[in-house]
Amino acid sequence: MSHLSFQIAQLLEKMCSNDKDFRFMATNDLMSELQKDSIKLDDDSERKVVRMLMKLLEDKNGEVQNLAVKCLGPLVSKVKDSQVEVIVETLCSNMSSSKEQLRDISSIGLKTVIAELPLSASGLAAAVCKKITGRLSETIAKKEDVAIQLEAIEIMSDLLCRFGTLLVPYHGMIMESLLPQLSSARMAVIKRTITAISYLVLTCNAQLYEKLIQYLIDGLTRQQDIYRCKSYVLCLGSICRQAGHRLGEHIEKVLPLVFDNIKKNDDDLTEYCLQTLESFIYRCSKEITPHVHQIIKTCLEYIMYDPNYNYDVEDEEGTDDQMETDLDAQESDDGYSDDDDVSWKVRRAATKCLESIIASRNELLPEIYRNVAPVLVSRFKEREESVKSDIFHAFIVLLKQTQPVIVMTSDTDTMEHESVVLSLLQQQVPGIVNSTQHLLKEKSVKNRHSALSLLSELVHTLPGVLAPHLQILMPGILYSLNEKTAASQMKCDTLIFIQTLIKNHSSEVIQPYVDQLIPPAVNAVNENFYKVISEGLLVLQLLVKALRPFDVPSHFDFSPFVRPIYNVTLARLKTTDIDQEVKEKAISCMGQVLASFGDVLQGELVICCPILLDRLKNEITRLATVRALYKVASSPLRIRVEALWVESMPVLATFLRKNQRNLKLSTLSLLNAIVQNYSSALQSSMLDQAVKEVPALLTESDLTAAQHALLLLTAVTKTNPGVIQTYAQTLLNETLNLAKSPLLQGEALKSLLSFLQAVAESGISGLSSEPLINHLQDLIEKGPLHKDAYHSLAEAVGALAVSKGADSFKIIDRFLKKASSKNTYDSQLVFSLLSVGSIGKRLDLSGVDSLKKVLIESFNSQSEDVRSAGSYALGSIAVGNLNEFLPFILQETESKAKRQYLLLCSLKEVISSHATSTNGAIALAPYIPEIWRRLFIHCESPLKGTRKIVAECLGKLTMMEPNKLLPELKAARQNESPLMRQTIITAVKFTISDQPQPIDSLLRQCIGDFLSTLDDPDLNVRMVALILFLSTAHQKPSLIRDLLDSLLPHIYRETNVRKELIREVEMGPFKHTVDDGLDMRKYAFECMYTMLDNCLDKLDIYEFLNHVESGLKDHYDIKMLTYLMLSRLTLLAPNTVLQRLEQLVEPLRSTLSQRVKANAVKQEYEKQDDLKRSALRAVSALQSVPDAEKNPQLNELMATIKSNSELMALYESIKKDTSAPTDQALMDLN
């Protein structure tokens, strides 16, 4: 006998003991053993353990019974299938026992077994289902004992929930046993029956589903019994919540019956009907659309349904005492009590139904504001607290729905819609203020919290909206802060609201109320609870900004408030044994106080500055202190704290060595501010320590830190160049290394150019313009660089060549000689030409004789990089002198056919440089007609690259003179040449940008004409039209929103695989399939993905999902796109995705089960791995959809994933990635 068998035998022996404690401990030890993954029982041990646990279920001691039931969970996965069947058989027999305790414990046991049965073991599960289902159905149908019946129905629900697909052969029998229970006299039986039916409809066949719905429809049609009507309506609502996608086709039959039952004058039935309507709105959003207005009308009627209360009395008397007196009198007259009044349930259901419409029908916002919002505001007087809270929540949801609309107000197409919404919201503000001002002073904390939440959301939605009403609201706002018995959370909520109020209103609005706001804020800082203190300090910090704003002129007398704020902040700053959050807020607040009032508090600086210095040296508070000191250093008051900077410089220098990125960035900003504003107080030795640490930060691995470091170096160079000279060689080496990085661009590049110019102009020995240019040239000669690095280095040459003291023309001659030399390497040629262009963009080079000749000769080079550099240089020097060089470029384009592409690139450089500014457009205006004429000649070029350059030039020129040139593009769109049409459509793409432009109003009138080419007979024209649509949807969706009804069919059509575009190409002995329509489909799906972000409210999500489903079965690239779309849709339209879950899961299963051929290359394995990862991300997203866990197909897919170790490992890594904090979050935590 093995050690385990012996141990089990001992435990079984103890379980037979007469001592209940022995039995309990033995059973507990058995459970511990069963929970070990390594345990393996032999056949004899299995039989004995099962027999003993079944016996212990009848134990006289309840604790032993409970432990025995708990053992069944781990035991199910440790014994063979035959033993599991024995357990189930025994438990089912016990269910019909006459002993109530045994029935109950056996019921719990069955639930435990069902919950623990592995989904992957379909054979065992099917056998268990077969054994249980018949017995449960009989028990449910007998109706002998209600308690047994309730347990049986609940177990059936669990069974249907987990193994609905395995029960398909028994669905008819289950339905026959459940339907009669809807007429039960016990509401508990009805509710559990409805739960079981709702699980059943997830997996039953269409015939059975139709039978169920027809049964409910017939029952509601002929049934006069209110009680049965309730059960049928409840059942409909539950079916809709579980399987709304199946109920949608029956909405037209069901909805009139629901409306009829609402009117039957029974509060419970009305509540159930309204809850069912709410389910329809969420789960059958497409089918319910025609009836939304009727639902709104019904909800508005019942949200005011309160037959037992007269609100007019409350309005007239205006006091709670009077209201209570009236109610007492009424109760004494007719014996009626509030406990008998359930009308509040009707009002609550109506409110939630309205909220569902508000949350899901963004397109109805104007109508909701006209018809629903006034009623919601009027119902703020609701007497039932829970209903009042729901009403407030509904209005808050309305405001949240309005915020995305307001964010889009720069979008001129939707401004009319938005202005209507905003004006309607503005009309509601007085009513909101009047209603909430009373609630803010109520005794009910819940009501006050609701009122503050609503006002906060209102201010977020419409900043500044409460300015005219602050005088009315202020007493209520301060009530919770001044109330002695107010809870800490209520004080925190009020302080947070005050913060929101100050942030979203101008300082001149807040200033008249600071005398009321400061005393309670000071009191809050003196509280004991750390959250109240923290929020109070934040309020004081914001008030300090409002008292003395630096961004606008202000004559407000802030002097009476300086001392109270300073004293209370100093008291908290001095305290060390307080919460970390309070410490940081106190430091931040003191920083703002000194930045705003430092000139008034000059005498106090000797007290607070040492404390700040001490906090700076503390590892826990140093980041908060650095940020606070930055406020002081950058204050326009130039506070006299030179001694503080002197003492803090060594400490700040050490921070530049720390790994904490936020600390480094904040320190660099602080040092830059100190150097710029207090340079006279800083000695070279102090700056030495900081500058010494900077070279290590000049790396491409963190360009943001490098940019801040370069800004600091520039400031030091201008104010104290001697410090730079000390570390010149180290700084130069690191700066040059950064300069040759291919990643250097944008603000980081500008900072580097500024630093180099500052060094060249500083007079530091050996670091004037020419030596620095020599260093840059050495980088080219030392080794190969990335192509992008040449442009950065050339920009540096251009900046140095025009710096003070530089001999610009001598430098030009040097590079021209290099460019014209036949012995120059290509890399040096490219650098020389780019440098000439960079200088020419900043300086007029018309006086350089050989310039044109050298640049044109570069066009003959064998190297494409040299030719491109020459083209760029020619365009750049033309920017420096249009009159001299632009006519030359135009003339060359006409006479030199072989150089047309390069000359057009030069012309593009000229146009691009002038298109970015008004002055540039004015300077180029005289040349536009001639440029336009020359460009049109090349619109039909057979070379795709030439046509693309021409299109970009045409588009940018059109933006300069839209009134004149856009009609010409529109006329050219109808040209018979497909090449011309391609060029014109591409040109229109370059007229669209994400910023408002003068051309937008004109484009809105004709964009539909250009996009009509989506129906063009030429494949390539349709492709560029798709690209135009994609660009417009991404950058300026307002242009196409109203056209989507006519354009979407064309977009959707291009997502289909076209067999006529698939061809076979012979490659030696092999045949390769080429799909010429793949790129079209990719662009079409990209258009669809972009519309999810910008035009969601204009899409029919059901039609959209049809094409997503087809994309899930398409090519690798298409699948990757559709997985992204599917993940996005789970967030944007979860209810619709839930309805289509079955169709979406199948192609995901197919992808996850695919295997790569045995002879596949490494790239195919990598592609397959990426595909599975993306598919698993989509599965993870689907699982996050509410109620998705109830879907059998998704559960089966998850069981398949879990049974495959490779897929499970991938899935767990994806879940870990999605739940891990982002880099930014990690930085914030630091």
# chains A, B, ... in the order shown; residues from 1 in each chain; ligands from 1
$ residues_around --residues "Lys545 (chain A)" --least-positions-apart "4" --cutoff "10 Å" --atoms "only C-alpha atoms" --output "list in words"
Ile502, Lys503, Ser507, Leu540, Gln541, Pro549, Phe550, Asp551, Gln592, Val593, Ala595, Ser596 and Phe597 of chain A
$ write_last_selection --atoms "N, CA, C and O atoms" --output "CSV table (one decimal), in the first residue's frame"
chain,number,residue,atom,x,y,z
A,502,ILE,N,-13.1,76.8,-9.1
A,502,ILE,CA,-12.1,77.8,-9.4
A,502,ILE,C,-11.3,77.5,-10.7
A,502,ILE,O,-11.0,78.4,-11.4
A,503,LYS,N,-11.1,76.2,-11.0
A,503,LYS,CA,-10.4,75.9,-12.2
A,503,LYS,C,-11.2,76.3,-13.5
A,503,LYS,O,-10.6,76.6,-14.5
A,507,SER,N,-10.4,84.3,-12.8
A,507,SER,CA,-10.1,84.8,-11.5
A,507,SER,C,-11.0,86.0,-11.1
A,507,SER,O,-11.4,86.1,-9.9
A,540,LEU,N,-6.6,76.2,-1.3
A,540,LEU,CA,-5.9,77.4,-1.0
A,540,LEU,C,-4.9,77.7,-2.1
A,540,LEU,O,-4.7,78.9,-2.5
A,541,GLN,N,-4.3,76.7,-2.7
A,541,GLN,CA,-3.3,76.9,-3.8
A,541,GLN,C,-4.0,77.5,-5.0
A,541,GLN,O,-3.5,78.5,-5.6
A,549,PRO,N,-3.6,86.9,-10.2
A,549,PRO,CA,-3.3,86.2,-11.5
A,549,PRO,C,-2.2,87.0,-12.3
A,549,PRO,O,-2.2,88.2,-12.3
A,550,PHE,N,-1.3,86.3,-12.9
A,550,PHE,CA,-0.3,86.9,-13.7
A,550,PHE,C,-0.6,87.0,-15.2
A,550,PHE,O,0.1,87.7,-16.0
A,551,ASP,N,-1.6,86.2,-15.6
A,551,ASP,CA,-1.9,86.1,-17.0
A,551,ASP,C,-2.8,87.2,-17.5
A,551,ASP,O,-2.9,87.5,-18.7
A,592,GLN,N,3.4,78.0,-4.4
A,592,GLN,CA,2.5,78.9,-5.1
A,592,GLN,C,2.3,80.2,-4.3
A,592,GLN,O,2.3,81.3,-4.9
A,593,VAL,N,2.3,80.1,-2.9
A,593,VAL,CA,2.2,81.3,-2.1
A,593,VAL,C,3.4,82.2,-2.3
A,593,VAL,O,3.3,83.4,-2.5
A,595,ALA,N,5.5,82.2,-4.9
A,595,ALA,CA,5.5,82.7,-6.3
A,595,ALA,C,4.6,83.8,-6.5
A,595,ALA,O,4.9,84.7,-7.3
A,596,SER,N,3.4,83.8,-5.8
A,596,SER,CA,2.4,84.9,-6.0
A,596,SER,C,2.6,86.1,-5.0
A,596,SER,O,2.3,87.2,-5.3
A,597,PHE,N,3.0,85.7,-3.8
A,597,PHE,CA,3.1,86.8,-2.7
A,597,PHE,C,4.5,87.0,-2.1
A,597,PHE,O,4.7,87.6,-1.1
$ residues_around --residues "Asp260 (chain A)" --least-positions-apart "4" --cutoff "10 Å" --atoms "only C-alpha atoms" --output "NGL selection string"
:A and (220-221 or 255-256 or 264 or 270 or 273)
$ atom_distance --atom1 "CA of Phe755 (chain A)" --atom2 "CA of Ala806 (chain A)"
15.5 Å
$ atom_distance --atom1 "CA of Ser913 (chain A)" --atom2 "CA of Tyr790 (chain A)"
19.4 Å
$ residues_around --residues "Trp932 (chain A)" --least-positions-apart "5" --cutoff "10 Å" --atoms "only C-alpha atoms" --output "MDAnalysis selection string"
chainID A and resid 927 937 950 953:954 957:958 965
$ residues_around --residues "Leu682 (chain A)" --least-positions-apart "6" --cutoff "12 Å" --atoms "only C-alpha atoms" --output "list in words"
Val641, Glu642, Ala643, Leu644, Trp645, Val646, Glu647, Ser648, Met649, Pro650, Leu671, Ile674, Val675, Gln676, Asp688, Gln689, Ala690, Val716, Thr719, Asn720 and Val723 of chain A
$ residues_around --residues "Ala758 (chain A)" --least-positions-apart "3" --cutoff "9 Å" --atoms "only C-alpha atoms" --output "ChimeraX atom specification"
/A:714-715,717-718,753-755,761-762,803
$ write_last_selection --atoms "N, CA and C atoms" --output "PDB file, in the first residue's frame"
ATOM      1  N   THR A 714      21.957  75.989 -23.127  1.00  0.00           N
ATOM      2  CA  THR A 714      21.836  77.235 -23.883  1.00  0.00           C
ATOM      3  C   THR A 714      21.759  78.429 -22.941  1.00  0.00           C
ATOM      4  N   ALA A 715      20.955  78.287 -21.881  1.00  0.00           N
ATOM      5  CA  ALA A 715      20.831  79.377 -20.895  1.00  0.00           C
ATOM      6  C   ALA A 715      22.166  79.642 -20.206  1.00  0.00           C
ATOM      7  N   THR A 717      25.158  78.979 -21.398  1.00  0.00           N
ATOM      8  CA  THR A 717      26.090  79.535 -22.392  1.00  0.00           C
ATOM      9  C   THR A 717      25.892  81.032 -22.557  1.00  0.00           C
ATOM     10  N   LYS A 718      24.655  81.459 -22.538  1.00  0.00           N
ATOM     11  CA  LYS A 718      24.360  82.880 -22.736  1.00  0.00           C
ATOM     12  C   LYS A 718      24.690  83.717 -21.506  1.00  0.00           C
ATOM     13  N   LEU A 753      20.042  73.086 -32.114  1.00  0.00           N
ATOM     14  CA  LEU A 753      20.489  74.189 -32.977  1.00  0.00           C
ATOM     15  C   LEU A 753      20.695  75.463 -32.157  1.00  0.00           C
ATOM     16  N   SER A 754      19.787  75.728 -31.225  1.00  0.00           N
ATOM     17  CA  SER A 754      19.920  76.920 -30.373  1.00  0.00           C
ATOM     18  C   SER A 754      21.193  76.862 -29.535  1.00  0.00           C
ATOM     19  N   PHE A 755      21.483  75.661 -29.005  1.00  0.00           N
ATOM     20  CA  PHE A 755      22.690  75.505 -28.184  1.00  0.00           C
ATOM     21  C   PHE A 755      23.951  75.739 -29.026  1.00  0.00           C
ATOM     22  N   GLU A 761      28.351  81.867 -30.714  1.00  0.00           N
ATOM     23  CA  GLU A 761      28.310  83.316 -30.479  1.00  0.00           C
ATOM     24  C   GLU A 761      28.880  83.708 -29.114  1.00  0.00           C
ATOM     25  N   SER A 762      29.267  82.705 -28.306  1.00  0.00           N
ATOM     26  CA  SER A 762      29.692  82.996 -26.931  1.00  0.00           C
ATOM     27  C   SER A 762      31.138  83.461 -26.832  1.00  0.00           C
ATOM     28  N   SER A 803      25.044  82.370 -37.791  1.00  0.00           N
ATOM     29  CA  SER A 803      25.196  82.923 -36.442  1.00  0.00           C
ATOM     30  C   SER A 803      26.107  84.140 -36.483  1.00  0.00           C
TER      31      SER A 803
END
$ select_by_dssp --residues "region 565-777 of chain A" --states "helix (DSSP H, G or I)" --output "PyMOL selection string"
chain A and resi 565-574+580-597+602-616+622-633+642-655+661-677+679-681+684-693+695-697+700-719+721-726+728-739+746-761+769-777
$ residues_around --residues "region 1080-1085 of chain A" --least-positions-apart "3" --cutoff "6 Å" --atoms "only C-alpha atoms" --output "list in words"
Met1023, Ile1051, Glu1054, Thr1055, Gly1077 and Met1088 of chain A
$ residues_around --residues "Ala546 (chain A)" --least-positions-apart "4" --cutoff "12 Å" --atoms "only C-alpha atoms" --output "number ranges by chain"
A: 499, 501-514, 517-518, 539-542, 550-558, 561, 592-593, 596
$ atom_distance --atom1 "CA of Gln602 (chain A)" --atom2 "CA of Ala653 (chain A)"
26.8 Å
